[in-house]
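Note: the block below is structure.csv and it holds CSV, C-alpha atoms.
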```
chain,number,residue,atom,x,y,z
A,2,MET,CA,43.7,-25.9,-19.9
A,3,SER,CA,43.7,-22.4,-18.4
A,4,ALA,CA,45.1,-20.9,-21.6
A,5,SER,CA,42.2,-22.2,-23.6
A,6,LYS,CA,39.7,-20.7,-21.0
A,7,GLY,CA,41.5,-17.4,-21.3
A,8,SER,CA,41.3,-17.4,-25.0
A,9,LEU,CA,37.6,-18.3,-24.9
A,10,ILE,CA,36.9,-15.3,-22.6
A,11,LYS,CA,38.8,-13.0,-24.9
A,12,GLU,CA,36.8,-14.2,-27.9
A,13,GLU,CA,33.5,-13.7,-26.1
A,14,LEU,CA,34.5,-10.1,-25.2
A,15,GLN,CA,35.4,-9.4,-28.8
A,16,ASP,CA,32.1,-10.8,-30.0
A,17,GLU,CA,30.2,-8.6,-27.5
A,18,GLY,CA,31.9,-5.5,-28.9
A,19,GLY,CA,30.2,-6.2,-32.2
A,20,LEU,CA,26.8,-6.0,-30.6
A,21,LEU,CA,27.4,-2.5,-29.2
A,22,SER,CA,25.3,0.2,-30.8
A,23,LEU,CA,26.4,3.8,-30.7
A,24,GLU,CA,23.1,5.2,-31.8
A,25,LYS,CA,21.5,7.6,-29.4
A,26,LEU,CA,17.7,8.0,-29.2
A,27,ASP,CA,16.5,11.5,-28.3
A,28,ARG,CA,13.5,10.6,-26.2
A,29,ALA,CA,12.5,14.2,-25.8
A,30,SER,CA,11.8,14.6,-29.5
A,31,PRO,CA,8.1,15.3,-30.2
A,32,ASP,CA,8.5,13.6,-33.6
A,33,LEU,CA,9.7,10.3,-32.1
A,34,TRP,CA,7.5,10.3,-29.0
A,35,PRO,CA,4.5,12.5,-29.6
A,36,GLU,CA,2.2,13.5,-26.7
A,37,LYS,CA,-1.2,11.8,-26.7
A,38,ILE,CA,-2.7,15.1,-25.7
A,39,PRO,CA,-0.9,18.1,-27.1
A,40,GLY,CA,0.4,20.5,-24.4
A,41,ILE,CA,-0.4,18.2,-21.4
A,42,THR,CA,3.3,18.0,-20.3
A,43,ASP,CA,3.5,21.8,-20.0
A,44,PHE,CA,0.1,22.0,-18.2
A,45,ILE,CA,1.2,19.4,-15.7
A,46,ALA,CA,4.4,21.2,-15.1
A,47,MET,CA,2.5,24.5,-14.4
A,48,SER,CA,0.0,22.8,-12.0
A,49,ASN,CA,0.8,22.6,-8.3
A,50,THR,CA,-1.9,20.0,-7.6
A,51,PRO,CA,-1.2,16.3,-7.9
A,52,ILE,CA,-2.9,14.3,-10.7
A,53,ARG,CA,-6.2,13.0,-9.3
A,54,THR,CA,-7.0,9.4,-9.8
A,55,PRO,CA,-10.4,8.0,-8.8
A,56,ALA,CA,-10.4,6.4,-5.3
A,57,ALA,CA,-10.5,2.6,-5.3
A,58,GLU,CA,-13.9,1.1,-4.6
A,59,TRP,CA,-12.8,-0.4,-1.3
A,60,SER,CA,-11.6,2.9,0.0
A,61,ARG,CA,-14.8,4.8,-0.5
A,62,GLY,CA,-16.3,5.9,2.8
A,63,LEU,CA,-13.1,5.6,4.8
A,64,SER,CA,-12.0,8.6,6.9
A,65,GLN,CA,-8.5,10.1,6.8
A,66,GLU,CA,-7.9,8.4,10.2
A,67,ASP,CA,-8.8,5.0,8.6
A,68,MET,CA,-6.5,5.6,5.7
A,69,ALA,CA,-3.7,6.6,8.1
A,70,ALA,CA,-4.2,3.3,10.0
A,71,ILE,CA,-4.1,1.3,6.8
A,72,THR,CA,-0.9,3.1,5.8
A,73,GLN,CA,0.6,2.4,9.2
A,74,LEU,CA,-0.3,-1.3,9.0
A,75,SER,CA,1.0,-1.6,5.5
A,76,THR,CA,4.5,-0.5,6.7
A,77,LEU,CA,4.7,-3.3,9.3
A,78,SER,CA,6.7,-6.5,8.7
A,79,PRO,CA,4.7,-9.7,8.6
A,80,ASN,CA,5.7,-10.6,12.2
A,81,ALA,CA,4.9,-7.1,13.4
A,82,LEU,CA,1.5,-7.3,11.6
A,83,ILE,CA,0.8,-10.7,13.3
A,84,MET,CA,1.6,-9.2,16.7
A,85,GLU,CA,-0.6,-6.2,16.0
A,86,ILE,CA,-3.5,-8.5,15.0
A,87,LYS,CA,-3.0,-10.5,18.2
A,88,ASN,CA,-3.1,-7.2,20.3
A,89,ILE,CA,-6.3,-6.2,18.6
A,90,TYR,CA,-7.8,-9.6,19.2
A,91,ASP,CA,-6.7,-9.5,22.9
A,92,GLU,CA,-8.3,-6.0,23.3
A,93,ALA,CA,-11.5,-7.2,21.7
A,94,TYR,CA,-11.6,-10.2,24.1
A,95,GLN,CA,-11.0,-7.9,27.1
A,96,LEU,CA,-13.8,-5.6,25.9
A,97,GLY,CA,-16.1,-8.5,25.5
A,98,ILE,CA,-15.4,-9.6,29.1
A,99,SER,CA,-15.9,-6.1,30.4
A,100,GLU,CA,-19.2,-5.8,28.5
A,101,ALA,CA,-20.5,-9.1,29.9
A,102,LYS,CA,-19.7,-7.9,33.4
A,103,GLU,CA,-21.5,-4.6,32.9
A,104,MET,CA,-24.5,-6.4,31.4
A,105,THR,CA,-24.7,-8.7,34.4
A,106,ARG,CA,-24.4,-5.7,36.7
A,107,GLY,CA,-27.2,-4.0,34.8
A,108,LYS,CA,-29.4,-7.1,35.2
A,109,TYR,CA,-28.7,-7.2,39.0
A,110,LEU,CA,-29.5,-3.5,39.3
A,111,GLY,CA,-32.7,-3.9,37.3
A,112,ILE,CA,-31.7,-1.3,34.8
A,113,PHE,CA,-33.1,-3.2,31.8
A,114,ASN,CA,-36.4,-4.0,33.5
A,115,ASN,CA,-37.1,-0.3,34.1
A,116,ALA,CA,-36.4,0.5,30.4
A,117,LYS,CA,-39.0,-2.1,29.3
A,118,LYS,CA,-41.8,-0.6,31.6
A,119,LYS,CA,-41.4,2.9,30.2
```

Using structure tokens, write down the structure from this file.
Amino acid sequence: MSASKGSLIKEELQDEGGLLSLEKLDRASPDLWPEKIPGITDFIAMSNTPIRTPAAEWSRGLSQEDMAAITQLSTLSPNALIMEIKNIYDEAYQLGISEAKEMTRGKYLGIFNNAKKK
């Protein structure tokens, strides 16, 4: 039984050799792969600036700091991202509590009543 398996493997390897092509394609040839805009490859090679692509619609109006934060969050694992979201939620909750305390304090001190009279 193992002899028949060995002979089948040899036959398959011989058949695959028949599918091998020794033809080489010269992908740098301008005749085979012409440039869509003549000379663009040389122009890009001379330029030190990156190719500009229009900004995505959602990213318009974001500062560099916002983009850095998005980049930082995009590198986090799913679990780390969940923990970061929980931390932001906790900070927002604590800020809300602090704001409520200050509003109550302002009411007791009569700060808001004086602003309405002026």

Exercise. Expressed in Å to a single decimal, how great is the separation between atom CA of A:Ser64 and atom CA of A:Ile89?
Worked result: 19.7 Å

Problem set entry | Point-to-point distance from atom CA of A:Glu85 to atom CA of A:Asp67, Å rounded to tenths | 15.7 Å

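Separating atom CA of A:Leu82 from atom CA of A:Ala69 is a distance of 15.2 Å.
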